[in-house]
Every structure is written in structure tokens, then in C-alpha cells.
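Student: The following file, run.txt, comprises compact mmCIF, C-alpha atoms:
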```txt
# COMPACT_ATOMS: atom_id res chain seq x y z
CA MET U 1 0.00 0.00 0.00
CA ARG U 2 2.79 2.41 0.96
CA SER U 3 4.57 1.64 -2.29
CA ILE U 4 1.48 2.46 -4.31
CA THR U 5 1.17 5.79 -2.48
CA PHE U 6 4.84 6.51 -3.11
CA ALA U 7 4.49 5.64 -6.79
CA THR U 8 1.40 7.80 -7.18
CA LEU U 9 3.10 10.75 -5.49
CA LEU U 10 6.15 10.33 -7.72
CA LEU U 11 4.09 10.29 -10.88
CA ALA U 12 1.82 13.13 -9.73
CA SER U 13 4.81 15.34 -8.91
CA ALA U 14 6.35 14.60 -12.30
CA PHE U 15 3.19 15.47 -14.18
CA ALA U 16 2.69 18.62 -12.12
CA GLN U 17 6.22 19.79 -12.90
CA VAL U 18 5.92 18.91 -16.56
CA ALA U 19 2.62 20.76 -16.84
CA ALA U 20 4.21 23.80 -15.19
CA ALA U 21 7.24 23.66 -17.45
CA GLU U 22 7.54 25.85 -20.48
CA ASP U 23 8.44 22.91 -22.67
CA PHE U 24 5.19 21.04 -22.23
CA GLY U 25 4.76 18.45 -24.92
CA TYR U 26 8.33 18.22 -26.11
CA SER U 27 10.85 16.03 -24.32
CA GLY U 28 14.23 17.13 -25.48
CA LYS U 29 16.62 14.21 -25.08
CA LEU U 30 17.56 12.29 -28.21
CA LEU U 31 15.88 8.98 -28.89
CA LEU U 32 16.93 6.10 -26.59
CA THR U 33 19.46 8.27 -24.73
CA GLY U 34 17.57 7.66 -21.48
CA GLY U 35 18.01 3.91 -21.87
CA VAL U 36 15.19 1.46 -21.23
CA SER U 37 14.02 -0.03 -17.90
CA GLN U 38 16.22 -2.68 -16.37
CA ILE U 39 14.79 -5.49 -14.29
CA GLU U 40 14.95 -3.54 -11.00
CA GLY U 41 13.29 -0.44 -12.46
CA ALA U 42 16.35 1.75 -13.00
CA GLY U 43 17.17 3.29 -16.37
CA GLY U 44 19.57 0.99 -18.17
CA GLY U 45 19.63 -2.07 -20.31
CA GLY U 46 17.72 -5.22 -19.44
CA LEU U 47 19.64 -6.58 -16.46
CA THR U 48 22.00 -3.72 -15.64
CA PRO U 49 21.55 -0.08 -14.63
CA TRP U 50 23.31 2.51 -16.77
CA ALA U 51 24.61 5.94 -15.76
CA LEU U 52 21.99 7.54 -18.05
CA ILE U 53 19.06 9.24 -16.32
CA GLY U 54 15.75 7.63 -17.36
CA GLY U 55 13.15 9.49 -19.38
CA TYR U 56 13.55 12.13 -22.07
CA GLY U 57 13.94 15.22 -19.91
CA THR U 58 16.94 17.46 -20.60
CA ARG U 59 18.80 19.49 -17.97
CA ASP U 60 15.79 21.86 -17.93
CA GLN U 61 13.06 19.22 -18.03
CA ILE U 62 11.43 16.32 -16.21
CA GLY U 63 11.00 13.00 -17.95
CA GLY U 64 9.47 9.75 -16.88
CA ASN U 65 8.11 6.41 -17.91
CA ALA U 66 6.23 3.32 -16.80
CA PHE U 67 7.21 -0.20 -17.82
CA TYR U 68 6.18 -3.80 -17.72
CA THR U 69 8.64 -6.65 -18.12
CA ARG U 70 8.12 -10.40 -18.29
CA VAL U 71 10.91 -12.94 -18.11
CA ASN U 72 9.90 -16.46 -19.02
CA VAL U 73 12.56 -19.10 -18.40
CA ASP U 74 12.29 -22.90 -18.31
CA ASP U 75 10.90 -23.34 -14.78
CA TYR U 76 10.03 -19.83 -13.61
CA ALA U 77 8.44 -16.56 -14.63
CA LEU U 78 9.23 -13.07 -13.41
CA ASP U 79 6.84 -10.15 -13.85
CA VAL U 80 8.01 -6.64 -13.13
CA TYR U 81 6.20 -3.38 -13.42
CA GLY U 82 7.19 0.05 -12.28
CA LEU U 83 7.90 3.64 -13.09
CA LYS U 84 10.66 6.15 -12.95
CA VAL U 85 11.04 9.89 -13.09
CA GLY U 86 14.16 11.69 -14.29
CA PHE U 87 14.68 15.17 -12.87
CA TYR U 88 16.74 17.60 -14.97
CA ASP U 89 18.94 14.84 -16.40
CA ARG U 90 20.50 14.68 -12.94
CA LEU U 91 18.41 12.56 -10.56
CA GLU U 92 16.33 9.48 -11.26
CA LEU U 93 13.79 8.08 -8.80
CA SER U 94 12.21 4.73 -9.50
CA PHE U 95 9.84 2.15 -8.12
CA ALA U 96 9.41 -1.44 -9.28
CA ARG U 97 7.41 -4.42 -8.10
CA GLN U 98 8.68 -7.86 -8.97
CA SER U 99 6.63 -11.01 -8.79
CA PHE U 100 8.50 -14.29 -9.14
CA ASP U 101 6.38 -17.33 -9.94
CA THR U 102 7.93 -20.63 -8.83
CA ARG U 103 5.40 -22.74 -10.83
CA ASP U 104 6.10 -26.50 -10.38
CA VAL U 105 9.28 -25.88 -8.39
CA GLY U 106 7.11 -24.34 -5.68
CA ALA U 107 5.18 -27.58 -5.45
CA ALA U 108 8.38 -29.68 -5.45
CA LEU U 109 9.73 -27.63 -2.52
CA GLY U 110 6.47 -27.96 -0.60
CA LEU U 111 5.66 -24.24 -0.92
CA GLY U 112 2.71 -24.93 -3.20
CA GLU U 113 2.45 -24.77 -6.95
CA GLY U 114 2.71 -21.26 -8.27
CA PHE U 115 4.04 -19.94 -4.96
CA ASP U 116 5.34 -16.47 -5.64
CA PHE U 117 7.86 -14.10 -4.11
CA GLU U 118 7.08 -10.41 -4.34
CA GLN U 119 9.63 -7.69 -4.00
CA ASP U 120 9.30 -3.89 -4.02
CA ILE U 121 12.32 -1.89 -5.14
CA TYR U 122 12.84 1.81 -4.47
CA GLY U 123 15.64 3.30 -6.53
CA ALA U 124 17.55 6.55 -6.68
CA LYS U 125 20.34 7.42 -9.08
CA LEU U 126 22.42 10.59 -9.22
CA ARG U 127 24.53 11.62 -12.19
CA VAL U 128 27.79 12.75 -10.63
CA ALA U 129 30.03 13.41 -13.64
CA GLY U 130 30.25 13.54 -17.40
CA ASP U 131 27.76 13.38 -20.21
CA ALA U 132 27.60 10.14 -22.18
CA VAL U 133 26.04 11.74 -25.26
CA TYR U 134 27.35 15.31 -25.66
CA GLU U 135 30.99 14.88 -24.69
CA GLN U 136 32.01 13.12 -27.89
CA SER U 137 35.46 14.73 -27.92
CA SER U 138 36.35 13.17 -24.57
CA TRP U 139 36.83 9.60 -23.38
CA LEU U 140 35.31 10.38 -20.01
CA PRO U 141 32.07 8.47 -19.45
CA GLN U 142 28.95 9.63 -17.70
CA VAL U 143 29.15 8.41 -14.12
CA ALA U 144 26.22 7.85 -11.79
CA LEU U 145 25.85 6.61 -8.24
CA GLY U 146 22.72 4.67 -7.42
CA ILE U 147 20.92 2.77 -4.68
CA LEU U 148 18.19 0.15 -4.90
CA HIS U 149 16.35 -0.56 -1.66
CA LYS U 150 14.51 -3.88 -1.82
CA ARG U 151 11.75 -5.33 0.35
CA ASN U 152 10.73 -8.93 -0.07
CA ASN U 153 7.38 -10.26 1.22
CA ARG U 154 8.54 -13.82 2.03
CA GLY U 155 10.61 -13.42 5.19
CA ALA U 156 9.73 -16.83 6.63
CA VAL U 157 10.72 -18.76 3.50
CA ILE U 158 13.91 -16.71 3.16
CA GLN U 159 14.87 -17.62 6.73
CA ALA U 160 14.06 -21.27 6.12
CA ILE U 161 16.46 -21.46 3.16
CA GLY U 162 19.30 -19.76 5.07
CA GLY U 163 18.81 -16.13 4.09
CA GLU U 164 19.48 -13.49 6.74
CA ASP U 165 17.03 -10.75 5.87
CA ASP U 166 13.95 -9.95 3.83
CA GLN U 167 15.23 -6.51 2.91
CA GLY U 168 18.46 -5.03 1.69
CA THR U 169 20.02 -2.19 -0.24
CA ASP U 170 22.26 -2.41 -3.30
CA VAL U 171 24.68 0.43 -4.00
CA TYR U 172 26.14 0.83 -7.47
CA LEU U 173 28.42 3.01 -9.53
CA SER U 174 27.79 3.02 -13.28
CA ALA U 175 29.91 4.45 -16.07
CA THR U 176 28.31 4.78 -19.50
CA LYS U 177 29.79 6.10 -22.72
CA LEU U 178 28.23 6.53 -26.13
CA PHE U 179 30.87 6.32 -28.87
CA LEU U 180 28.66 7.96 -31.46
CA GLY U 181 31.24 7.90 -34.25
CA GLN U 182 31.36 4.11 -33.83
CA SER U 183 27.61 3.77 -33.09
CA LEU U 184 28.60 1.96 -29.91
CA LEU U 185 27.44 2.28 -26.30
CA LEU U 186 29.42 0.74 -23.46
CA ASN U 187 28.48 0.48 -19.81
CA GLY U 188 30.21 -0.87 -16.74
CA THR U 189 28.60 -1.14 -13.32
CA VAL U 190 30.12 -2.08 -9.97
CA ARG U 191 27.54 -3.07 -7.40
CA TRP U 192 27.75 -3.86 -3.72
CA THR U 193 24.92 -6.21 -2.86
CA GLU U 194 23.74 -8.74 -0.30
CA ALA U 195 20.89 -9.92 -2.51
CA ASN U 196 20.30 -13.58 -3.38
CA GLN U 197 18.96 -13.80 -6.94
CA ILE U 198 18.65 -9.99 -6.98
CA GLY U 199 16.67 -10.19 -3.70
CA ILE U 200 13.96 -12.62 -4.73
CA LEU U 201 15.55 -15.12 -2.31
CA GLY U 202 16.30 -12.50 0.31
CA PHE U 203 19.54 -10.99 1.50
CA GLY U 204 22.68 -12.50 3.03
CA GLY U 205 23.20 -16.20 3.54
CA ASP U 206 24.92 -19.01 5.38
CA ARG U 207 27.96 -18.87 3.08
CA ALA U 208 28.55 -15.12 2.79
CA SER U 209 26.91 -11.76 3.24
CA GLY U 210 27.58 -9.03 0.74
CA SER U 211 30.04 -8.69 -2.10
CA LEU U 212 31.12 -6.44 -4.93
CA GLU U 213 29.77 -7.55 -8.29
CA LEU U 214 30.51 -6.48 -11.84
CA GLU U 215 28.06 -5.85 -14.66
CA GLY U 216 28.60 -4.86 -18.24
CA SER U 217 26.69 -3.93 -21.37
CA ALA U 218 27.67 -3.32 -24.96
CA ALA U 219 25.16 -2.05 -27.49
CA TYR U 220 25.39 -1.27 -31.17
CA LEU U 221 23.11 1.35 -32.74
CA LEU U 222 21.71 -0.26 -35.88
CA ASP U 223 19.82 2.94 -36.49
CA ARG U 224 18.22 5.66 -34.38
CA ASN U 225 15.31 3.45 -33.41
CA LEU U 226 17.01 0.10 -33.05
CA VAL U 227 19.78 -1.09 -30.77
CA VAL U 228 21.24 -4.58 -30.46
CA GLY U 229 23.42 -5.58 -27.54
CA ALA U 230 24.56 -7.98 -24.86
CA GLU U 231 24.93 -7.82 -21.10
CA PHE U 232 26.30 -9.81 -18.22
CA ARG U 233 25.77 -9.48 -14.51
CA SER U 234 27.78 -11.30 -11.85
CA LYS U 235 25.99 -12.16 -8.61
CA PRO U 236 26.87 -13.31 -5.11
CA ASP U 237 26.55 -17.01 -4.24
CA GLN U 238 25.60 -16.97 -0.56
CA LEU U 239 23.03 -19.70 -0.02
CA GLY U 240 24.32 -23.23 0.61
CA ILE U 241 21.18 -24.89 -0.72
CA ALA U 242 20.61 -22.65 -3.71
CA GLY U 243 23.71 -21.82 -5.75
CA GLU U 244 23.45 -19.02 -8.26
CA ASP U 245 25.24 -18.11 -11.45
CA LEU U 246 26.16 -15.13 -13.54
CA TRP U 247 23.30 -13.82 -15.67
CA TRP U 248 23.67 -12.76 -19.28
CA ASP U 249 21.47 -11.74 -22.16
CA VAL U 250 21.43 -10.59 -25.76
CA PHE U 251 18.84 -7.93 -26.54
CA LEU U 252 17.15 -5.90 -29.21
CA ALA U 253 15.59 -2.58 -28.19
CA TRP U 254 13.27 -0.70 -30.50
CA ALA U 255 11.92 2.80 -29.96
CA PRO U 256 9.63 3.98 -32.77
CA ASN U 257 9.30 7.33 -30.94
CA LYS U 258 9.98 8.92 -27.55
CA HIS U 259 6.80 7.51 -26.04
CA LEU U 260 7.37 3.81 -26.60
CA ALA U 261 10.24 1.33 -26.33
CA ILE U 262 10.08 -2.43 -26.68
CA THR U 263 12.93 -4.67 -25.62
CA LEU U 264 13.23 -8.32 -26.57
CA ALA U 265 15.99 -10.49 -25.15
CA TYR U 266 17.23 -13.99 -24.75
CA VAL U 267 18.36 -14.47 -21.15
CA ASP U 268 20.38 -17.11 -19.34
CA LEU U 269 19.86 -17.03 -15.57
CA GLY U 270 21.90 -20.18 -14.89
CA ASN U 271 20.87 -22.18 -11.83
CA VAL U 272 17.87 -20.90 -9.86
CA VAL U 273 17.26 -22.92 -6.67
CA ILE U 274 16.93 -26.55 -7.82
CA ALA U 275 16.61 -25.89 -11.53
CA ASP U 276 19.69 -25.58 -13.76
CA ASN U 277 20.18 -23.70 -17.02
CA GLN U 278 17.25 -21.33 -16.75
CA ARG U 279 17.05 -19.79 -20.20
CA GLY U 280 14.28 -18.07 -22.04
CA ALA U 281 12.67 -14.92 -23.30
CA TYR U 282 12.61 -11.42 -21.88
CA LEU U 283 10.03 -8.94 -23.11
CA SER U 284 9.75 -5.39 -21.87
CA MET U 285 7.53 -2.48 -22.83
CA GLN U 286 8.08 1.09 -21.74
CA VAL U 287 5.82 4.08 -22.24
CA GLY U 288 6.71 7.60 -21.24
CA PHE U 289 8.04 10.98 -22.20
CA MET B 1 28.90 -1.24 8.83
CA THR B 2 30.51 -2.57 5.67
CA GLN B 3 27.67 -0.95 3.80
CA THR B 4 28.38 2.46 5.35
CA ILE B 5 32.08 2.24 4.54
CA LEU B 6 31.36 1.19 0.99
CA LEU B 7 28.81 3.93 0.53
CA ARG B 8 31.31 6.49 1.81
CA SER B 9 34.06 5.31 -0.49
CA LEU B 10 31.72 5.31 -3.49
CA CYS B 11 30.67 8.85 -2.63
CA ALA B 12 34.32 9.89 -2.29
CA LEU B 13 35.14 8.30 -5.64
CA ALA B 14 32.19 9.99 -7.31
CA LEU B 15 33.25 13.34 -5.87
CA MET B 16 36.80 12.87 -7.15
CA CYS B 17 35.47 12.11 -10.63
CA SER B 18 33.29 15.19 -10.67
CA GLN B 19 36.13 17.36 -9.35
CA ALA B 20 38.49 15.95 -11.95
CA VAL B 21 36.05 16.94 -14.67
CA GLY B 22 35.42 20.31 -13.06
CA SER B 23 39.09 21.18 -12.63
CA GLN B 24 39.85 20.12 -16.20
CA GLU B 25 37.28 22.57 -17.46
CA ALA B 26 38.44 25.29 -15.09
CA ALA B 27 42.11 24.75 -15.95
CA SER B 28 41.71 25.70 -19.62
CA PRO B 29 41.73 29.52 -19.70
CA ALA B 30 39.91 29.49 -23.08
CA PRO B 31 39.97 33.20 -23.93
CA LEU B 32 39.24 32.18 -27.53
CA PRO B 33 36.26 29.96 -28.34
CA PRO B 34 37.20 26.58 -29.84
CA ASP B 35 37.66 26.21 -33.60
CA PRO B 36 34.13 26.08 -35.05
CA ALA B 37 35.34 24.01 -37.99
CA PRO B 38 38.10 21.61 -36.98
CA ALA B 39 39.19 19.40 -39.88
CA PHE B 40 39.11 15.63 -39.58
CA PRO B 41 40.85 14.34 -42.75
CA GLU B 42 40.08 10.75 -41.66
CA LEU B 43 36.39 11.50 -42.26
CA LYS B 44 36.92 12.01 -46.02
CA PRO B 45 35.02 8.76 -46.76
CA VAL B 46 32.09 10.17 -44.75
CA PHE B 47 32.32 13.39 -46.79
CA ASP B 48 31.92 11.24 -49.91
CA GLN B 49 28.90 9.50 -48.34
CA PHE B 50 27.36 12.94 -47.92
CA GLY B 51 27.81 13.45 -51.65
CA GLY B 52 30.68 15.92 -51.35
CA LYS B 53 30.07 19.66 -51.72
CA PRO B 54 26.99 19.32 -53.96
CA GLY B 55 25.52 16.80 -51.49
CA LEU B 56 26.04 19.19 -48.57
CA LYS B 57 24.40 22.02 -50.52
CA LEU B 58 21.33 19.87 -51.21
CA LEU B 59 21.30 18.76 -47.56
CA MET B 60 21.24 22.39 -46.38
CA ASP B 61 18.43 23.30 -48.79
CA ASP B 62 16.34 20.51 -47.26
CA PHE B 63 17.46 21.29 -43.70
CA MET B 64 16.52 24.99 -43.81
CA VAL B 65 13.03 24.20 -45.12
CA ARG B 66 12.49 21.78 -42.24
CA LEU B 67 13.94 24.17 -39.63
CA LEU B 68 11.57 26.92 -40.74
CA ALA B 69 8.62 24.52 -40.67
CA ASP B 70 9.36 23.41 -37.10
CA ALA B 71 7.53 25.24 -34.33
CA ARG B 72 10.52 25.18 -32.00
CA MET B 73 13.20 26.06 -34.58
CA HIS B 74 11.24 28.61 -36.56
CA THR B 75 11.94 31.48 -34.12
CA PHE B 76 15.70 30.92 -34.35
CA PHE B 77 15.88 30.85 -38.13
CA GLU B 78 13.10 33.09 -39.43
CA LYS B 79 15.12 36.30 -39.19
CA VAL B 80 18.55 35.08 -40.30
CA GLU B 81 19.85 35.33 -43.87
CA HIS B 82 18.94 31.85 -45.03
CA ASP B 83 21.38 31.64 -47.93
CA ARG B 84 24.29 32.77 -45.78
CA VAL B 85 23.49 30.33 -42.94
CA LYS B 86 23.06 27.45 -45.40
CA ARG B 87 26.36 28.31 -47.09
CA GLU B 88 28.21 28.58 -43.76
CA LEU B 89 26.77 25.33 -42.44
CA ALA B 90 27.75 23.54 -45.65
CA GLU B 91 31.28 24.98 -45.36
CA GLN B 92 31.51 24.03 -41.71
CA PHE B 93 30.37 20.44 -42.30
CA CYS B 94 32.65 20.23 -45.36
CA VAL B 95 35.76 21.25 -43.38
CA ILE B 96 34.87 18.93 -40.47
CA LEU B 97 34.43 16.00 -42.84
CA GLY B 98 37.85 16.56 -44.42
CA GLY B 99 36.54 18.27 -47.55
CA ASP B 100 38.38 21.00 -49.43
CA CYS B 101 36.51 24.04 -48.12
CA VAL B 102 37.07 27.17 -46.06
CA TYR B 103 34.64 28.09 -43.29
CA SER B 104 33.75 31.77 -43.58
CA GLY B 105 31.41 32.04 -40.60
CA ARG B 106 31.94 33.19 -37.05
CA ASP B 107 32.89 31.05 -34.06
CA MET B 108 30.06 29.16 -32.33
CA VAL B 109 29.76 31.62 -29.45
CA ALA B 110 29.51 34.67 -31.69
CA ALA B 111 27.24 32.90 -34.18
CA HIS B 112 24.65 32.16 -31.47
CA GLU B 113 24.91 35.42 -29.57
CA GLY B 114 21.56 36.98 -28.69
CA PHE B 115 19.70 33.68 -28.68
CA ILE B 116 18.54 31.82 -25.58
CA ILE B 117 19.21 28.22 -26.58
CA THR B 118 18.23 25.31 -24.31
CA ALA B 119 19.50 21.74 -24.44
CA ALA B 120 16.10 20.77 -25.85
CA ASP B 121 16.52 23.35 -28.66
CA PHE B 122 19.99 22.00 -29.44
CA ASN B 123 18.68 18.43 -29.59
CA ARG B 124 15.68 19.44 -31.69
CA LEU B 125 18.06 20.83 -34.30
CA VAL B 126 19.99 17.55 -34.26
CA GLU B 127 16.73 15.62 -34.74
CA ILE B 128 15.76 17.75 -37.73
CA LEU B 129 19.25 17.37 -39.19
CA GLN B 130 18.79 13.59 -38.83
CA VAL B 131 15.51 13.76 -40.73
CA SER B 132 17.20 15.75 -43.50
CA MET B 133 20.11 13.31 -43.66
CA ASP B 134 17.60 10.45 -43.87
CA ALA B 135 15.85 12.25 -46.72
CA ARG B 136 19.24 12.47 -48.51
CA ASP B 137 19.78 8.72 -47.92
CA ILE B 138 22.93 9.28 -45.89
CA PRO B 139 23.82 6.09 -44.00
CA GLU B 140 23.31 6.03 -40.23
CA ARG B 141 27.00 5.47 -39.47
CA ALA B 142 27.99 8.48 -41.60
CA GLN B 143 25.32 10.60 -39.87
CA ASN B 144 26.64 9.60 -36.46
CA ALA B 145 30.24 10.32 -37.47
CA LEU B 146 29.25 13.92 -38.26
CA ILE B 147 27.04 14.40 -35.19
CA ALA B 148 29.84 13.09 -32.97
CA LYS B 149 32.00 16.01 -34.18
CA LEU B 150 29.20 18.57 -33.75
CA ALA B 151 28.04 17.39 -30.30
CA PRO B 152 30.92 18.96 -28.29
CA MET B 153 29.84 22.38 -29.65
CA HIS B 154 26.95 22.22 -27.16
CA ARG B 155 29.28 24.05 -24.74
CA GLU B 156 29.39 27.13 -26.96
CA ILE B 157 25.85 26.90 -28.37
CA ILE B 158 23.59 26.12 -25.40
CA THR B 159 23.03 29.21 -23.25
CA PRO B 160 24.54 28.65 -19.78
CA ASP B 161 22.11 28.64 -16.84
```
Show the structure stored in the file as C-alpha cells.
Tutor:
Amino acid sequence: MRSITFATLLLASAFAQVAAAEDFGYSGKLLLTGGVSQIEGAGGGGLTPWALIGGYGTRDQIGGNAFYTRVNVDDYALDVYGLKVGFYDRLELSFARQSFDTRDVGAALGLGEGFDFEQDIYGAKLRVAGDAVYEQSSWLPQVALGILHKRNNRGAVIQAIGGEDDQGTDVYLSATKLFLGQSLLLNGTVRWTEANQIGILGFGGDRASGSLELEGSAAYLLDRNLVVGAEFRSKPDQLGIAGEDLWWDVFLAWAPNKHLAITLAYVDLGNVVIADNQRGAYLSMQVGF
Amino acid sequence: MTQTILLRSLCALALMCSQAVGSQEAASPAPLPPDPAPAFPELKPVFDQFGGKPGLKLLMDDFMVRLLADARMHTFFEKVEHDRVKRELAEQFCVILGGDCVYSGRDMVAAHEGFIITAADFNRLVEILQVSMDARDIPERAQNALIAKLAPMHREIITPD
């Protein structure tokens, strides 16, 4: 309930500011230069946050978007929806709700078929240096510092499998550079996290509690509307009974205009609890300004 | 505890980065605005993809029509001498792309004096240029190679806050 209120306030404040702004109706950033919505709601690629501020607002404007993402792998499904607001190309605030469906695995573990974990994620990201798009004469990337505060609704199950907590906070530093002359975008992210399977299985574990992880994205601009790329994301491995692997994906993002973006990907989530080689499709839709 | 330490070091790192960028900008005295038409001889193949000098002239004819038809750009271009601006833009792009031209216009600060230009205005012009380049069938990679050389001029063109 609190998250819904927070989300509504966020969106209402964005619309109020946009309506008050002189530039009503025209969002000034170039197409796709706010990224799409990554799986935790931050502006980025599919799995990884980028240093870009979400939405199409320039340094004088507010931008924002809402998204829905579905990941369908062999034994599980993940639904995510959320929204983000970018203030003056400087600060991004986001909210996302993840719902992880355990399908038959839930039954096998005695949780019940279709048992699901829900997680709310509150994000904030601040651009601290550089400009990934404008500064084409420099090698310096755009750098942003972000946090993702996560609250999982299955504390009892998390404790039963060896997790320490049902909430936690990731802190990350992202560096993103658009090499426009080469039509290439590169991103690197370093993240400190205690999350098991990005928090769906809680935070901390019997084997370890917290580590620095590395994430990377490379994207090629086929044309202004179409980007193809790949990402990887390393993760901690803290639960004795549920090992986890690096995630990776290859994606295609299409933005016919500044109000719509559709991302299709093939993802490999490795082992998730008792099921190995979790691979499948990722589909995400984003609407905004 | 670990989290606090990490957060602090990340903040410190971020601050260093931003100071590094800041001091770099502050260090250059820059009494003269940067060269508005730096030559990149390696972009000669891109110049050819633009159709050389005649191609740039046709591009500017198309571009000016679209600028004047755009609600946001109209105010900036309605009162300028269209033939002069088109000629200077063609010269500027020609020099940048390694063509055999001389740029006869002013530097980017002087050329935009008297206008209040926002980041959104700057980007809108880029978008219209992209539409014109599409209309001239200029390949995406060639378009991006040119825009990459124009993008840093945002410092001189966009009106500071």
C-alpha cells in the first residue's frame, strides 16, 4: 500500500512539474538516450543499470516512464512493473514491483504450486560526472551513483532457506559512454549487494553476506530506433542450498518514438534454486516521455 | 557497517570524478572559443557519403526548409539570412568532414549570440538534421560520425544557466 502511495506521489509530482514547465509536450533528449528499464526499475539495459538518467527530460526538463517486463525461463516466470522519473537529467527516482512465480518448483519444494515471491524496489540514481552523449570529444564516461532498496514479502521462507534478511540495499556506480562515431554504447557497473537472486531469495546467507559484483553492457546502434546488444551481470553465491550463477542476455531494443520502447531479449539465468540452465525470453515495454 | 564504509568510499570516488572533470574545465583559460570548424581528414570517406560539396548544398536546402517549418526552430531561423546560414553550415560540415573548403562564418559563441538556446533546442536541431540526412539517404554510421564532431559544440551553443 505504501509503495502504491509513493508511486502515485512520484508520478503526480512529475506530471505537475511537466505541466508547469515551459516545454510542455516536447521532451528534449535524443531517442533512446535515457536507456530502457532494467529489471529492478532503473534506467539501463535489461539486467543492468546505466549511468543515463531515465526518461527524455533534458537538464531543464522532467522525464518519466512506466514499464512492464516479463521474463519467461524454463521453470520460472518473473513479472516486473514500475515507473521512474528523471529530474533535470540529474536525478532518477524509481519504483518497481517484482513477482516471481515458482510454478512447479514451488510444489516440489512444498511451498505450493505457483508460490510467488514479491519484491518492491525503491531506486535513486544521481549523475555525478560527465555526459555520455554530448561529450564526444572526450573519453570520459557519464558516471552515476545509485541505490536500490529492496523489500521482499517472504521473510519466513527466506529464513528457512538460510537467508538473513527480507530486505536489503544495493549500492552501485555506473559508467556509460556513447561512442557515437562508432555507433557503440558501453556500460560498466560495480555493485555492492547482499541480494540472493537480486533479492527474490532475500539478502545475506549461510555462506557469505555481501560482495562487490561487476556488470557490463555493450550495445550497437543499428539505427536511431534500433539497438542490439549484450549484457552480463555477476551475482553473489551466498546460499548453501541454492547456488546461483552469472546472468547474461542478448537484446534488441526498438523505440519507434519517444513515447514507446520495446525490448526483446534472450536471457540465461543459470541455476535458480533446484533448476539448472534457466534460459528463455525477456520482453519489456516502456511508455513515457 | 561494511555498507556504510562502501557507501562512503563510493561517494568519495564519485566526488573525485566530478572534481576531476570540473578542474579540467576550469584549468583551460579558453579566452578564444574553440575552432568552429576543426578538420578531420580521416572523415573524407564520410564526406563522400554525404555526396561531397553538392551533397552538402542539397542537404542544407532541405534542412533549412524543415527548420523553418518546425515550431521550435522557426523562431531561431526566421530572421537570419537563409542563404548565408546554409552556405556557412555547408562549409563548416565540409571542413569537419575533411573536404576542401574554407569556413567563412563566425565562431560558435559569436554565431549564437543573442539567442537563448536550451538543451532541448539544441537536440531538436539535431533531430531535424537527422531527418534531412535520412531524406538524402545518408547512412546512419555516416550521420553519427558527423554528429559526434558537432556534439561537443553544445558548450558554446547552449546558453549557460
Student: Fewer than 3 positions away in the same chain doesn't count, so skip those; otherwise give me all residues within 7 Å of stretch 60-72 of chain U, counting all atoms listed in the file, as a VMD selection string.
Tutor: chain U and resid 14 18 37 54 to 57 76 to 88 280 to 289
Student: Please identify all residues of chain U having at least one atom at most 7 Å from any atom of chain B, considering only C-alpha atoms, and return them as a list of chain:residue names.
Tutor: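 Applying the cut-off to the listed atoms yields U:Gly28, U:Lys29, U:Leu30, U:Thr58, U:Arg59, U:Val128, U:Ala129, U:Tyr134, U:Glu135, U:Gln136, U:Ser137, U:Leu180, U:Gly181, U:Ser183, U:Asp223.
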Student: From the set B:Leu129, B:Asp70, B:Pro38, B:Lys44, which residue has the shortest atom-to-atom contact distance to B:Val102, counting all atoms listed in the file?
Tutor: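 Nearest to B:Val102: B:Pro38.
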Student: Just how far from atom CA of B:Ile96 is atom CA of B:Ala37, in Å to one decimal?
Tutor: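 Between these atoms lies a distance of 5.7 Å.
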Student: So what do you get for atom CA of U:Gln142 versus atom CA of U:Gly123, distance-wise?
Tutor: 18.5 Å
Student: Could you name the residues that touch U:Glu231 at 10 Å or less, counting all atoms listed in the file, but leaving out those on the same chain fewer than 6 positions away, as a compact mmCIF listing (two decimals) with C-alpha atoms, keeping the file's coordinate frame?
Tutor:
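result.txt written:
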```txt
# COMPACT_ATOMS: atom_id res chain seq x y z
CA GLY U 45 19.63 -2.07 -20.31
CA GLY U 46 17.72 -5.22 -19.44
CA LEU U 47 19.64 -6.58 -16.46
CA THR U 48 22.00 -3.72 -15.64
CA LEU U 186 29.42 0.74 -23.46
CA ASN U 187 28.48 0.48 -19.81
CA GLY U 188 30.21 -0.87 -16.74
CA GLU U 215 28.06 -5.85 -14.66
CA GLY U 216 28.60 -4.86 -18.24
CA SER U 217 26.69 -3.93 -21.37
CA ALA U 218 27.67 -3.32 -24.96
CA ALA U 219 25.16 -2.05 -27.49
CA TRP U 247 23.30 -13.82 -15.67
CA TRP U 248 23.67 -12.76 -19.28
CA ASP U 249 21.47 -11.74 -22.16
CA VAL U 250 21.43 -10.59 -25.76
CA PHE U 251 18.84 -7.93 -26.54
CA VAL U 267 18.36 -14.47 -21.15
```
Student: One decimal, Å: what's the distance from atom CA of U:Arg151 over to atom CA of U:Asp120, could you say?
Tutor: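 A separation of 5.2 Å between them.
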Student: Give as a PyMOL selection string each residue that has an atom at most 12 Å from (29.5, 29.3, -41.5) in the file, counting all atoms listed in the file.
Tutor: chain B and resi 35-37+60+81-96+101-108+110-112
Student: Do you know which residues are at most 9 Å from stretch 209-214 of chain U counting all atoms listed in the file, after dropping those on the same chain fewer than 3 positions away, and could you put them as a PyMOL selection string?
Tutor: (chain U and resi 164+188-195+203-206+232-236+238) or (chain B and resi 2-3)
Student: For B:Leu67, please output as a PDB file with C-alpha atoms, in the frame of the given file all residues within 9 Å (counting only C-alpha atoms; exclusion window: fewer than 4 positions along the same chain).
Tutor:
```pdb
ATOM      1  CA  ASP B  62      16.340  20.510 -47.260  1.00  0.00           C
ATOM      2  CA  PHE B  63      17.460  21.290 -43.700  1.00  0.00           C
ATOM      3  CA  ALA B  71       7.530  25.240 -34.330  1.00  0.00           C
ATOM      4  CA  ARG B  72      10.520  25.180 -32.000  1.00  0.00           C
ATOM      5  CA  MET B  73      13.200  26.060 -34.580  1.00  0.00           C
ATOM      6  CA  HIS B  74      11.240  28.610 -36.560  1.00  0.00           C
ATOM      7  CA  PHE B  76      15.700  30.920 -34.350  1.00  0.00           C
ATOM      8  CA  PHE B  77      15.880  30.850 -38.130  1.00  0.00           C
ATOM      9  CA  GLU B  78      13.100  33.090 -39.430  1.00  0.00           C
ATOM     10  CA  LEU B 125      18.060  20.830 -34.300  1.00  0.00           C
ATOM     11  CA  ILE B 128      15.760  17.750 -37.730  1.00  0.00           C
ATOM     12  CA  LEU B 129      19.250  17.370 -39.190  1.00  0.00           C
TER      13      LEU B 129
END
```
Student: Would you compute an axis-aligned box for stretch 182-190 of chain U, covering every atom listed for it in the file with 6 Å of margin on each side, and report centre and edge lengths in Å to one decimal as AutoDock Vina command-line options?
Tutor:
```
--center_x 29.4 --center_y 1.0 --center_z -21.9 --size_x 15.9 --size_y 18.2 --size_z 35.9
```
Student: Hey, which of U:Leu185, U:Leu148, U:Leu221, U:Val73 ends up closest to U:Ala265? Count only C-alpha atoms.
Tutor: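 Among the listed residues, U:Val73 lies closest to U:Ala265.
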